[in-house]
file my_file.cif (mmCIF, C-alpha atoms)
data_upload
loop_
_atom_site.label_atom_id
_atom_site.label_comp_id
_atom_site.auth_asym_id
_atom_site.auth_seq_id
_atom_site.Cartn_x
_atom_site.Cartn_y
_atom_site.Cartn_z
CA MET A 24 -90.50 -10.39 -25.81
CA ILE A 25 -93.74 -9.36 -27.46
CA ALA A 26 -93.66 -8.32 -31.11
CA ILE A 27 -96.21 -5.89 -32.53
CA ILE A 28 -96.30 -6.21 -36.30
CA LYS A 29 -95.52 -2.93 -38.03
CA TYR A 30 -97.27 -2.34 -41.35
CA ASN A 31 -99.24 0.34 -43.18
CA ALA A 32 -102.50 -0.14 -41.27
CA GLY A 33 -101.64 -0.43 -37.63
CA ASN A 34 -102.47 1.62 -34.57
CA THR A 35 -99.30 0.05 -33.23
CA GLN A 36 -98.57 2.81 -30.72
CA SER A 37 -101.93 2.37 -28.96
CA VAL A 38 -101.24 -1.33 -28.58
CA GLN A 39 -97.74 -0.71 -27.26
CA ASN A 40 -99.11 1.84 -24.77
CA ALA A 41 -101.67 -0.70 -23.54
CA LEU A 42 -98.95 -3.33 -23.06
CA SER A 43 -96.77 -0.86 -21.13
CA ARG A 44 -99.70 -0.06 -18.82
CA LEU A 45 -99.83 -3.80 -18.07
CA GLY A 46 -96.09 -3.81 -17.42
CA TYR A 47 -95.03 -5.66 -20.59
CA LEU A 48 -92.20 -4.60 -22.88
CA SER A 49 -92.84 -4.88 -26.59
CA VAL A 50 -91.20 -4.06 -29.87
CA ILE A 51 -92.89 -2.67 -32.98
CA THR A 52 -91.24 -4.47 -35.87
CA ASP A 53 -91.56 -5.75 -39.44
CA GLU A 54 -88.48 -7.99 -39.29
CA PRO A 55 -89.43 -11.65 -39.81
CA GLU A 56 -86.71 -12.96 -37.45
CA THR A 57 -87.86 -10.76 -34.57
CA ILE A 58 -91.50 -11.66 -35.16
CA LEU A 59 -90.80 -15.41 -35.33
CA LYS A 60 -88.59 -15.32 -32.20
CA ALA A 61 -91.15 -13.42 -30.09
CA ASP A 62 -93.05 -15.19 -27.28
CA LYS A 63 -96.28 -13.47 -28.35
CA VAL A 64 -97.20 -11.56 -31.47
CA ILE A 65 -99.84 -8.88 -31.83
CA PHE A 66 -101.23 -7.98 -35.25
CA PRO A 67 -103.17 -4.74 -34.81
CA GLY A 68 -105.06 -2.96 -37.52
CA VAL A 69 -106.94 0.15 -38.44
CA GLY A 70 -107.37 0.80 -42.13
CA GLU A 71 -108.42 -0.72 -45.42
CA ALA A 72 -108.08 -4.43 -46.33
CA SER A 73 -106.74 -4.47 -49.91
CA SER A 74 -103.93 -1.95 -49.38
CA ALA A 75 -102.98 -3.70 -46.12
CA MET A 76 -102.81 -7.14 -47.84
CA LYS A 77 -100.82 -5.67 -50.72
CA TYR A 78 -98.32 -4.20 -48.26
CA LEU A 79 -98.04 -7.46 -46.28
CA ARG A 80 -97.37 -9.44 -49.51
CA GLU A 81 -94.81 -6.95 -50.80
CA LYS A 82 -92.90 -7.16 -47.53
CA GLY A 83 -93.27 -10.94 -47.29
CA LEU A 84 -95.04 -10.47 -43.97
CA ASP A 85 -97.91 -12.74 -45.14
CA LYS A 86 -95.53 -15.73 -45.09
CA THR A 87 -94.04 -14.65 -41.76
CA ILE A 88 -97.49 -14.50 -40.17
CA LEU A 89 -98.39 -17.95 -41.51
CA SER A 90 -95.16 -19.37 -40.00
CA ILE A 91 -95.79 -18.11 -36.46
CA THR A 92 -96.01 -20.95 -33.93
CA LYS A 93 -96.36 -18.85 -30.75
CA PRO A 94 -99.72 -17.27 -29.79
CA MET A 95 -100.69 -14.41 -32.09
CA LEU A 96 -103.53 -11.94 -31.51
CA GLY A 97 -105.08 -10.07 -34.44
CA ILE A 98 -107.09 -6.96 -33.63
CA CYS A 99 -109.91 -5.38 -35.71
CA LEU A 100 -108.58 -5.18 -39.30
CA GLY A 101 -105.99 -7.73 -38.09
CA LEU A 102 -108.84 -10.21 -37.52
CA GLN A 103 -110.33 -9.49 -40.93
CA LEU A 104 -106.98 -9.98 -42.69
CA MET A 105 -106.63 -13.38 -40.98
CA CYS A 106 -109.91 -14.56 -42.58
CA LYS A 107 -110.29 -16.14 -46.03
CA SER A 108 -111.43 -13.04 -47.88
CA SER A 109 -112.98 -9.62 -47.38
CA GLU A 110 -115.70 -7.82 -49.32
CA GLU A 111 -113.72 -4.62 -48.75
CA ASN A 112 -112.39 -4.10 -52.30
CA ASP A 113 -112.74 -7.88 -52.93
CA THR A 114 -109.59 -8.84 -51.11
CA ASP A 115 -108.03 -12.29 -50.76
CA CYS A 116 -106.77 -12.43 -47.19
CA LEU A 117 -104.42 -14.69 -45.22
CA GLY A 118 -106.87 -17.60 -44.89
CA ILE A 119 -105.91 -18.60 -41.34
CA PHE A 120 -109.60 -18.66 -40.44
CA LYS A 121 -112.11 -20.25 -42.80
CA THR A 122 -114.71 -17.54 -42.42
CA LYS A 123 -115.35 -14.61 -44.75
CA VAL A 124 -115.62 -10.89 -44.06
CA LYS A 125 -118.69 -9.02 -45.30
CA ARG A 126 -119.98 -5.47 -45.17
CA PHE A 127 -122.76 -4.67 -42.68
CA PRO A 128 -126.10 -4.26 -44.50
CA SER A 129 -126.92 -0.61 -45.07
CA PHE A 130 -130.20 -0.50 -43.15
CA GLY A 131 -128.36 0.22 -39.89
CA ILE A 132 -125.87 2.84 -38.76
CA VAL A 133 -122.44 1.91 -40.14
CA PRO A 134 -119.74 1.84 -38.77
CA HIS A 135 -120.67 -0.19 -35.70
CA MET A 136 -119.05 2.29 -33.34
CA GLY A 137 -119.07 2.10 -29.58
CA TRP A 138 -119.40 -0.35 -26.69
CA ASN A 139 -121.17 -3.67 -27.08
CA ASN A 140 -121.46 -6.87 -25.03
CA PHE A 141 -121.19 -10.57 -25.99
CA ASN A 142 -123.68 -13.29 -26.96
CA VAL A 143 -121.35 -16.25 -26.79
CA LEU A 144 -118.04 -16.28 -24.97
CA LYS A 145 -115.66 -19.18 -24.47
CA GLY A 146 -112.03 -20.17 -24.01
CA ASP A 147 -108.96 -18.98 -22.15
CA LEU A 148 -108.84 -15.61 -23.90
CA PHE A 149 -112.00 -14.64 -22.01
CA ARG A 150 -111.14 -16.04 -18.59
CA SER A 151 -113.10 -14.07 -15.91
CA ILE A 152 -114.91 -11.98 -18.56
CA LYS A 153 -118.71 -11.90 -18.42
CA LYS A 154 -121.06 -11.81 -21.41
CA THR A 155 -122.65 -8.64 -20.05
CA GLU A 156 -119.37 -6.71 -20.13
CA ASP A 157 -118.80 -4.25 -22.97
CA VAL A 158 -115.84 -3.79 -25.28
CA TYR A 159 -115.16 -1.07 -27.85
CA TYR A 160 -115.79 -1.64 -31.55
CA VAL A 161 -115.37 0.49 -34.64
CA HIS A 162 -115.81 -1.34 -37.95
CA SER A 163 -117.93 -1.41 -41.11
CA TYR A 164 -117.11 -5.02 -42.08
CA TYR A 165 -117.64 -8.16 -39.98
CA ALA A 166 -116.55 -11.81 -40.00
CA GLU A 167 -119.32 -14.40 -40.32
CA ILE A 168 -119.79 -16.74 -37.39
CA ASN A 169 -118.37 -20.26 -37.94
CA GLU A 170 -117.06 -23.15 -35.81
CA GLU A 171 -113.87 -21.20 -35.08
CA THR A 172 -115.83 -18.37 -33.41
CA ILE A 173 -115.03 -18.08 -29.68
CA ALA A 174 -117.11 -14.95 -29.01
CA SER A 175 -120.02 -13.39 -30.83
CA CYS A 176 -121.74 -10.02 -30.72
CA ASP A 177 -125.02 -8.66 -32.04
CA TYR A 178 -125.20 -5.55 -34.20
CA ILE A 179 -127.68 -5.43 -37.10
CA LEU A 180 -126.93 -9.18 -37.17
CA PRO A 181 -124.87 -11.61 -35.08
CA PHE A 182 -121.17 -11.62 -36.08
CA ALA A 183 -117.87 -13.08 -34.89
CA SER A 184 -116.42 -10.94 -32.13
CA ALA A 185 -113.44 -13.26 -31.61
CA ILE A 186 -112.03 -16.22 -33.53
CA GLN A 187 -109.43 -18.84 -32.67
CA LYS A 188 -107.63 -21.53 -34.60
CA ASP A 189 -104.70 -23.29 -32.94
CA ASN A 190 -102.22 -20.56 -31.85
CA TYR A 191 -104.02 -17.84 -33.81
CA TYR A 192 -106.44 -15.61 -31.88
CA ALA A 193 -108.25 -12.51 -33.08
CA THR A 194 -110.76 -9.98 -31.80
CA GLN A 195 -112.95 -7.62 -33.84
CA PHE A 196 -113.08 -5.19 -30.90
CA HIS A 197 -110.16 -3.13 -29.64
CA PRO A 198 -108.95 -4.57 -26.29
CA GLU A 199 -106.38 -1.75 -26.12
CA LYS A 200 -109.25 0.77 -26.03
CA SER A 201 -111.73 -1.23 -23.94
CA ALA A 202 -110.88 0.04 -20.44
CA GLY A 203 -110.48 -2.58 -17.68
CA VAL A 204 -112.27 -5.35 -19.59
CA GLY A 205 -109.89 -4.95 -22.52
CA GLU A 206 -106.90 -4.98 -20.19
CA GLN A 207 -108.05 -8.26 -18.69
CA ILE A 208 -108.43 -9.81 -22.18
CA LEU A 209 -104.93 -8.63 -23.18
CA LYS A 210 -103.59 -10.01 -19.91
CA ASN A 211 -105.28 -13.34 -20.59
CA PHE A 212 -103.64 -13.45 -24.02
CA LEU A 213 -100.22 -12.56 -22.63
CA GLU A 214 -100.55 -15.31 -20.02
CA LEU A 215 -101.55 -18.04 -22.51
CA MET B 6 -126.71 -4.40 -27.73
CA LEU B 7 -124.75 -1.32 -28.78
CA LYS B 8 -124.68 1.16 -25.88
CA LYS B 9 -125.39 4.87 -25.99
CA ARG B 10 -122.16 6.77 -25.37
CA ILE B 11 -121.62 9.43 -22.71
CA ILE B 12 -118.83 11.75 -23.79
CA PRO B 13 -117.26 14.51 -21.67
CA CYS B 14 -115.57 17.30 -23.62
CA LEU B 15 -112.43 18.99 -22.25
CA ASP B 16 -111.40 22.42 -23.52
CA ILE B 17 -107.64 22.77 -23.72
CA GLN B 18 -105.54 25.93 -23.79
CA ASN B 19 -101.74 25.76 -23.74
CA GLY B 20 -101.92 22.14 -22.66
CA ARG B 21 -104.23 22.83 -19.70
CA THR B 22 -107.97 22.38 -19.19
CA VAL B 23 -109.71 25.71 -19.35
CA LYS B 24 -113.11 25.55 -17.74
CA GLY B 25 -112.90 25.66 -13.99
CA VAL B 26 -113.45 22.28 -12.51
CA ASN B 27 -114.48 21.40 -9.04
CA PHE B 28 -113.76 17.79 -8.31
CA GLU B 29 -112.95 16.17 -5.06
CA GLY B 30 -109.76 14.15 -5.20
CA ILE B 31 -108.22 16.06 -8.04
CA ARG B 32 -105.07 17.88 -7.03
CA ASP B 33 -104.65 19.85 -10.18
CA ALA B 34 -107.95 20.62 -11.84
CA GLY B 35 -106.16 22.19 -14.78
CA ASP B 36 -104.32 18.99 -15.60
CA PRO B 37 -106.16 17.36 -18.54
CA ILE B 38 -104.61 13.96 -17.86
CA GLU B 39 -105.78 13.83 -14.29
CA LEU B 40 -109.27 14.95 -15.25
CA ALA B 41 -109.40 12.46 -18.12
CA LYS B 42 -108.33 9.61 -15.84
CA LYS B 43 -111.07 10.55 -13.40
CA TYR B 44 -113.66 10.42 -16.18
CA VAL B 45 -112.39 7.05 -17.38
CA LEU B 46 -112.73 5.60 -13.88
CA GLU B 47 -116.24 7.02 -13.62
CA GLY B 48 -117.28 5.28 -16.84
CA ALA B 49 -117.01 7.89 -19.61
CA ASP B 50 -117.25 6.00 -22.92
CA GLU B 51 -115.03 8.32 -24.95
CA LEU B 52 -113.35 11.67 -24.42
CA ILE B 53 -113.04 14.71 -26.66
CA PHE B 54 -110.22 17.21 -26.23
CA LEU B 55 -110.81 20.52 -27.94
CA ASP B 56 -107.81 22.80 -28.37
CA ILE B 57 -109.41 26.22 -28.17
CA THR B 58 -106.25 28.24 -28.77
CA ALA B 59 -105.16 26.18 -31.74
CA THR B 60 -102.42 28.57 -32.76
CA ILE B 61 -99.31 27.38 -34.53
CA GLU B 62 -97.09 28.02 -31.48
CA ASN B 63 -99.29 25.77 -29.42
CA ARG B 64 -99.33 22.79 -31.79
CA ASN B 65 -96.30 21.15 -30.21
CA THR B 66 -97.72 21.54 -26.71
CA LEU B 67 -100.88 19.87 -27.97
CA LEU B 68 -98.96 17.00 -29.60
CA GLU B 69 -97.08 16.37 -26.37
CA LEU B 70 -100.36 16.34 -24.49
CA VAL B 71 -101.89 13.90 -27.00
CA ARG B 72 -98.91 11.57 -26.52
CA ASP B 73 -99.37 11.69 -22.75
CA ILE B 74 -103.11 11.09 -23.00
CA ALA B 75 -102.54 8.11 -25.31
CA SER B 76 -100.11 6.52 -22.92
CA GLU B 77 -102.38 6.99 -19.88
CA ILE B 78 -105.94 6.50 -21.14
CA ASN B 79 -107.47 3.14 -22.08
CA ILE B 80 -110.60 4.35 -23.91
CA PRO B 81 -110.89 6.06 -27.31
CA PHE B 82 -110.36 9.79 -27.57
CA THR B 83 -110.87 12.48 -30.19
CA VAL B 84 -108.80 15.64 -30.64
CA GLY B 85 -110.15 18.77 -32.31
CA GLY B 86 -109.39 22.43 -32.82
CA GLY B 87 -107.61 24.19 -35.66
CA ILE B 88 -107.13 21.11 -37.83
CA SER B 89 -106.96 22.16 -41.48
CA THR B 90 -104.66 19.77 -43.35
CA VAL B 91 -104.02 16.05 -43.74
CA GLU B 92 -100.58 16.70 -42.18
CA ASP B 93 -102.22 18.09 -39.01
CA VAL B 94 -104.26 14.90 -38.82
CA SER B 95 -101.27 12.68 -39.48
CA ARG B 96 -99.33 14.24 -36.59
CA LEU B 97 -102.25 13.84 -34.17
CA ILE B 98 -102.96 10.23 -35.18
CA LYS B 99 -99.27 9.35 -34.89
CA ALA B 100 -99.22 10.96 -31.44
CA GLY B 101 -102.00 8.52 -30.48
CA ALA B 102 -105.35 10.24 -31.10
CA ASP B 103 -108.00 7.70 -32.18
CA LYS B 104 -110.06 10.27 -34.06
CA VAL B 105 -109.82 13.90 -35.08
CA SER B 106 -112.63 16.41 -35.18
CA ILE B 107 -112.72 18.96 -37.99
CA ASN B 108 -115.13 21.85 -38.35
CA SER B 109 -114.53 25.15 -40.20
CA ALA B 110 -111.80 23.65 -42.40
CA ALA B 111 -114.26 21.01 -43.68
CA VAL B 112 -116.82 23.67 -44.61
CA LYS B 113 -114.15 25.67 -46.42
CA ASN B 114 -112.74 22.61 -48.15
CA PRO B 115 -115.13 19.62 -48.08
CA GLN B 116 -112.56 17.46 -49.92
CA LEU B 117 -110.51 17.50 -46.71
CA ILE B 118 -113.02 14.98 -45.30
CA SER B 119 -112.34 12.54 -48.17
CA ALA B 120 -108.61 13.16 -48.03
CA ILE B 121 -108.46 12.25 -44.32
CA ALA B 122 -110.84 9.29 -44.75
CA ASN B 123 -108.76 7.88 -47.63
CA GLU B 124 -105.55 8.19 -45.70
CA PHE B 125 -106.62 7.08 -42.22
CA GLY B 126 -110.10 5.56 -42.64
CA SER B 127 -113.56 7.03 -42.10
CA GLN B 128 -113.62 5.80 -38.51
CA CYS B 129 -111.20 8.54 -37.44
CA VAL B 130 -113.00 11.47 -39.11
CA VAL B 131 -115.44 13.26 -36.83
CA VAL B 132 -117.00 16.28 -38.48
CA ALA B 133 -118.28 18.83 -35.98
CA ILE B 134 -121.24 20.96 -37.04
CA ASP B 135 -122.11 24.12 -35.13
CA THR B 136 -125.70 24.90 -35.99
CA LYS B 137 -128.08 27.73 -35.20
CA PHE B 138 -131.82 28.09 -35.74
CA LYS B 139 -132.45 31.51 -37.23
CA GLU B 140 -135.24 32.80 -39.47
CA ASN B 141 -136.95 29.42 -39.41
CA GLU B 142 -133.93 27.47 -40.60
CA TRP B 143 -131.11 25.41 -39.10
CA LYS B 144 -127.91 26.68 -40.71
CA VAL B 145 -124.24 25.81 -40.32
CA TYR B 146 -121.95 28.30 -38.55
CA VAL B 147 -118.14 28.33 -38.54
CA HIS B 148 -115.22 29.91 -36.65
CA GLY B 149 -116.48 28.93 -33.24
CA GLY B 150 -120.02 29.88 -34.22
CA ARG B 151 -119.18 33.46 -35.14
CA THR B 152 -119.62 33.24 -38.89
CA PRO B 153 -122.86 32.15 -40.61
CA THR B 154 -122.73 30.08 -43.80
CA PRO B 155 -125.47 29.49 -46.38
CA LEU B 156 -125.35 25.73 -45.71
CA SER B 157 -128.46 23.95 -44.49
CA THR B 158 -127.51 21.72 -41.56
CA VAL B 159 -129.25 18.61 -42.87
CA ASN B 160 -127.79 18.96 -46.36
CA TRP B 161 -124.31 19.50 -44.96
CA ALA B 162 -124.69 16.38 -42.78
CA LYS B 163 -125.65 14.33 -45.87
CA GLN B 164 -122.67 15.72 -47.76
CA ILE B 165 -120.35 14.82 -44.86
CA GLU B 166 -121.59 11.24 -45.05
CA GLN B 167 -121.08 11.08 -48.83
CA LEU B 168 -117.55 12.45 -48.51
CA GLY B 169 -116.58 9.70 -46.09
CA GLY B 170 -117.03 11.33 -42.69
CA GLY B 171 -117.26 8.66 -39.98
CA GLU B 172 -119.27 10.51 -37.40
CA ILE B 173 -121.08 13.82 -36.87
CA LEU B 174 -120.78 15.89 -33.70
CA LEU B 175 -123.80 18.17 -33.80
CA THR B 176 -123.81 21.20 -31.49
CA SER B 177 -126.85 23.45 -31.31
CA MET B 178 -125.68 26.97 -30.51
CA ASN B 179 -129.20 27.93 -29.48
CA ASN B 180 -129.03 25.32 -26.73
CA ASP B 181 -125.34 25.38 -25.79
CA GLY B 182 -124.84 26.68 -22.27
CA THR B 183 -128.57 27.01 -21.55
CA LYS B 184 -129.00 23.73 -19.64
CA THR B 185 -132.52 23.48 -21.10
CA GLY B 186 -131.90 20.25 -22.98
CA PHE B 187 -130.50 19.12 -26.33
CA ALA B 188 -131.99 20.46 -29.59
CA ILE B 189 -134.28 17.50 -30.21
CA ASP B 190 -135.71 18.58 -33.58
CA ILE B 191 -132.47 19.14 -35.49
CA THR B 192 -130.74 16.19 -33.79
CA ALA B 193 -133.63 13.94 -34.87
CA GLU B 194 -133.62 15.39 -38.37
CA VAL B 195 -129.87 14.97 -38.88
CA SER B 196 -129.72 11.50 -37.32
CA ASN B 197 -132.60 10.39 -39.57
CA ALA B 198 -130.95 11.82 -42.65
CA VAL B 199 -127.62 9.99 -42.33
CA GLN B 200 -126.51 6.41 -41.60
CA ILE B 201 -123.34 7.38 -39.71
CA PRO B 202 -123.28 7.90 -35.92
CA VAL B 203 -124.44 11.30 -34.62
CA ILE B 204 -123.35 12.73 -31.25
CA ALA B 205 -125.73 15.28 -29.73
CA SER B 206 -124.15 18.28 -28.06
CA GLY B 207 -125.26 21.51 -26.43
CA GLY B 208 -127.85 22.12 -23.75
CA ALA B 209 -127.58 19.15 -21.38
CA GLY B 210 -128.54 20.30 -17.89
CA THR B 211 -130.25 17.30 -16.32
CA MET B 212 -130.15 13.51 -16.56
CA GLU B 213 -133.61 13.61 -18.18
CA HIS B 214 -132.16 15.58 -21.08
CA PHE B 215 -129.95 12.62 -22.00
CA LYS B 216 -132.92 10.27 -21.78
CA GLU B 217 -134.93 12.58 -24.01
CA VAL B 218 -132.29 12.84 -26.74
CA PHE B 219 -131.72 9.07 -26.79
CA GLU B 220 -135.46 8.31 -26.89
CA LYS B 221 -136.53 10.93 -29.40
CA THR B 222 -133.58 10.87 -31.84
CA LYS B 223 -131.19 8.33 -33.33
CA ALA B 224 -128.16 10.00 -31.73
CA THR B 225 -125.81 7.32 -30.42
CA GLY B 226 -123.85 9.60 -28.10
CA GLY B 227 -124.41 12.57 -25.84
CA LEU B 228 -121.70 15.14 -25.17
CA ALA B 229 -121.46 17.65 -22.35
CA ALA B 230 -118.78 19.69 -20.62
CA SER B 231 -119.59 21.88 -17.64
CA ILE B 232 -122.21 19.63 -16.01
CA PHE B 233 -119.52 16.96 -15.77
CA HIS B 234 -116.66 19.33 -14.91
CA TYR B 235 -118.57 20.96 -12.06
CA GLY B 236 -119.81 17.60 -10.82
CA GLU B 237 -123.45 18.63 -11.30
CA ILE B 238 -124.16 15.28 -12.93
CA PRO B 239 -121.74 12.53 -11.90
CA ILE B 240 -121.34 10.05 -14.78
CA PRO B 241 -122.02 6.93 -12.63
CA GLU B 242 -125.34 8.42 -11.48
CA LEU B 243 -126.27 9.40 -15.03
CA LYS B 244 -125.61 5.87 -16.25
CA LYS B 245 -127.53 4.32 -13.38
CA TYR B 246 -130.47 6.58 -14.17
CA LEU B 247 -130.42 5.86 -17.93
CA SER B 248 -130.16 2.15 -17.30
CA LYS B 249 -133.20 2.30 -15.02
CA GLU B 250 -135.05 4.16 -17.77
CA ASP B 251 -134.29 1.27 -20.18
CA ILE B 252 -131.60 3.06 -22.16
CA ALA B 253 -128.66 0.74 -22.75
CA VAL B 254 -125.43 2.21 -21.38
CA ARG B 255 -122.13 0.65 -20.40
CA GLN B 256 -121.86 -0.14 -16.70
CA ILE B 257 -118.58 -0.37 -14.86
CA ASN B 258 -118.31 -3.38 -12.58
#

call {"tool": "encode", "arguments": {"input": "my_file.cif", "output": "structure tokens"}}
result
Amino acid sequence: MIAIIKYNAGNTQSVQNALSRLGYLSVITDEPETILKADKVIFPGVGEASSAMKYLREKGLDKTILSITKPMLGICLGLQLMCKSSEENDTDCLGIFKTKVKRFPSFGIVPHMGWNNFNVLKGDLFRSIKKTEDVYYVHSYYAEINEETIASCDYILPFASAIQKDNYYATQFHPEKSAGVGEQILKNFLEL
Amino acid sequence: MLKKRIIPCLDIQNGRTVKGVNFEGIRDAGDPIELAKKYVLEGADELIFLDITATIENRNTLLELVRDIASEINIPFTVGGGISTVEDVSRLIKAGADKVSINSAAVKNPQLISAIANEFGSQCVVVAIDTKFKENEWKVYVHGGRTPTPLSTVNWAKQIEQLGGGEILLTSMNNDGTKTGFAIDITAEVSNAVQIPVIASGGAGTMEHFKEVFEKTKATGGLAASIFHYGEIPIPELKKYLSKEDIAVRQIN
């Protein structure tokens, strides 16, 4: 079973739809037992960092997420919440990844909205994906590149497009909205 | 590099696509899902569905359609038409729309932009501007372009950005339907005045028109309807052409 974490900042339905198109059953849940028992966990996100962290802490979901031992995939705001901190309303985040989340400098068009390709790309999550292929982004904040970065992208400046530490994976782009390329990345995650 | 977006717009009435379409391999040209799927396969980067009836009786039909689109389509899509409250937006987002497009209601009540942005994030708020050049000025029009307002288009665009709008869909009524090209001057002016993405709309008739708007303005997307619906410009050919002309677009492998 795949668990999609339900909280106040998720486009959970879009993720569930994408999984169904791939033939996978999933459950949208905020119950710790269900999340910890799942074979794979997806932590989606569209929204604002501080209110999302507040909600996760109130529900105890922060501790649940930190206890997950099976592969987990954070998406967009999900990735940012898994980092150390975010400049969005000066938020302390989950700290799974060491890197910090900053706001894009204002000399470019923000949000970074649309399809963009990769600079660096490595690891099982991106099996059979090419650097020239595009995925869909929409975000105003970005995670800084560090040694945990497994994919990077260039917009105004180079930033972390995907991060991995142990069983925790995360993408800044939306695989559930990235056509065939996104489907392949989700499939790779589900087959880890 | 961030790619320029090619965005087909589908007009919806009672859950069906309105403009006649002439596509090979489509059994039911009035079925928005089938048309949308065709566009996705051809490489459309986003889709916009515009409910042109937008009456209260039709809201549930639209919500059902949005649910179906969300379960079938794997690229982002925007829904517009008759949205005037945060509740309207909430229902559409819950049904699976990635973004909503608001127009007249935002002019009437600019705080609606902030209210939606605060609740669902700026990224889902597309503000559509219908603009017309008259008496030496680009002004904002509402109610499907029937009613003039005193608003200057550039000032309204700046206000949209300040209020938290995530994107501007700029349609020139002087150009719409003419197939003589996008309104380069106002698209350039608006896209220079704001730091949020601007989608150019109205007037596309040839592949060169897309090249022109991407070269001469900061628009990050180009929208069209009939030229795609009637197959006059197939999306794969358009993208191949733009790519050859050194304009970065997403290619389907």

call {"tool": "resolve_selection", "arguments": {"input": "my_file.cif", "expression": "the PyMOL selection byres ((chain B) within 8 of (chain A))", "output": "PyMOL selection string"}}
result
chain B and resi 6-10+45+50+75-77+79-81+99+101+125-126+128+171+200-202+255-256

call {"tool": "atom_distance", "arguments": {"input": "my_file.cif", "atom1": "atom CA of B:Leu243", "atom2": "atom CA of B:Ser106"}}
result
25.3 Å

call {"tool": "resolve_selection", "arguments": {"input": "my_file.cif", "expression": "the PyMOL selection byres ((chain B and resi 210) around 8)", "output": "VMD selection string"}}
result
chain B and resid 183 to 186 208 to 209 211 to 212 214 232

call {"tool": "resolve_selection", "arguments": {"input": "my_file.cif", "expression": "the PyMOL selection byres ((chain A and resi 169) around 10)", "output": "mmCIF file with C-alpha atoms, keeping the file's coordinate frame"}}
result
data_model
loop_
_atom_site.group_PDB
_atom_site.id
_atom_site.type_symbol
_atom_site.label_atom_id
_atom_site.label_comp_id
_atom_site.auth_asym_id
_atom_site.auth_seq_id
_atom_site.Cartn_x
_atom_site.Cartn_y
_atom_site.Cartn_z
ATOM 1 C CA PHE A 120 -109.600 -18.660 -40.440
ATOM 2 C CA LYS A 121 -112.110 -20.250 -42.800
ATOM 3 C CA THR A 122 -114.710 -17.540 -42.420
ATOM 4 C CA LYS A 123 -115.350 -14.610 -44.750
ATOM 5 C CA ALA A 166 -116.550 -11.810 -40.000
ATOM 6 C CA GLU A 167 -119.320 -14.400 -40.320
ATOM 7 C CA ILE A 168 -119.790 -16.740 -37.390
ATOM 8 C CA GLU A 170 -117.060 -23.150 -35.810
ATOM 9 C CA GLU A 171 -113.870 -21.200 -35.080
ATOM 10 C CA THR A 172 -115.830 -18.370 -33.410
ATOM 11 C CA ILE A 173 -115.030 -18.080 -29.680
ATOM 12 C CA PHE A 182 -121.170 -11.620 -36.080
ATOM 13 C CA ALA A 183 -117.870 -13.080 -34.890
ATOM 14 C CA ILE A 186 -112.030 -16.220 -33.530
#

call {"tool": "atom_distance", "arguments": {"input": "my_file.cif", "atom1": "atom CA of A:Asp147", "atom2": "atom CA of A:Pro55"}}
result
27.3 Å

call {"tool": "closest_residue", "arguments": {"input": "my_file.cif", "among": "A:Leu148, A:Leu104, A:Asn211, A:Lys153", "to": "A:Gly118", "atoms": "only C-alpha atoms"}}
result
A:Leu104

call {"tool": "closest_residue", "arguments": {"input": "my_file.cif", "among": "B:Arg151, B:Lys139, B:Phe215, B:Gly227", "to": "B:Ile173", "atoms": "all atoms listed in the file"}}
result
B:Gly227

call {"tool": "atom_distance", "arguments": {"input": "my_file.cif", "atom1": "atom CA of B:Gly169", "atom2": "atom CA of B:Asp93"}}
result
18.1 Å

call {"tool": "axis_aligned_box", "arguments": {"input": "my_file.cif", "around": "stretch 185-202 of chain A", "padding_each_side": "5 Å", "output": "AutoDock Vina command-line options"}}
result
--center_x -107.8 --center_y -11.3 --center_z -27.5 --size_x 21.2 --size_y 34.1 --size_z 24.2

call {"tool": "closest_residue", "arguments": {"input": "my_file.cif", "among": "B:Asp36, B:Thr225, B:Leu15, B:Glu124", "to": "B:Val84", "atoms": "all atoms listed in the file"}}
result
B:Leu15

call {"tool": "residues_around", "arguments": {"input": "my_file.cif", "residues": "stretch 159-165 of chain B", "least_positions_apart": "2", "cutoff": "6 Å", "atoms": "only C-alpha atoms", "output": "PyMOL selection string"}}
result
chain B and resi 157+167-168+170+195+199

call {"tool": "write_last_selection", "arguments": {"input": "my_file.cif", "atoms": "C-alpha atoms", "output": "PDB file, in the frame of the given file"}}
result
ATOM      1  CA  SER B 157    -128.460  23.950 -44.490  1.00  0.00           C
ATOM      2  CA  GLN B 167    -121.080  11.080 -48.830  1.00  0.00           C
ATOM      3  CA  LEU B 168    -117.550  12.450 -48.510  1.00  0.00           C
ATOM      4  CA  GLY B 170    -117.030  11.330 -42.690  1.00  0.00           C
ATOM      5  CA  VAL B 195    -129.870  14.970 -38.880  1.00  0.00           C
ATOM      6  CA  VAL B 199    -127.620   9.990 -42.330  1.00  0.00           C
TER       7      VAL B 199
END

call {"tool": "residues_around", "arguments": {"input": "my_file.cif", "residues": "B:Ala133", "least_positions_apart": "6", "cutoff": "6 Å", "atoms": "all atoms listed in the file", "output": "VMD selection string"}}
result
chain B and resid 107 to 108 173 to 175

call {"tool": "write_last_selection", "arguments": {"input": "my_file.cif", "atoms": "C-alpha atoms", "output": "JSON list (two decimals), in the frame of the given file"}}
result
[["chain", "number", "residue", "atom", "x", "y", "z"],
["B", 107, "ILE", "CA", -112.72, 18.96, -37.99],
["B", 108, "ASN", "CA", -115.13, 21.85, -38.35],
["B", 173, "ILE", "CA", -121.08, 13.82, -36.87],
["B", 174, "LEU", "CA", -120.78, 15.89, -33.70],
["B", 175, "LEU", "CA", -123.80, 18.17, -33.80]]
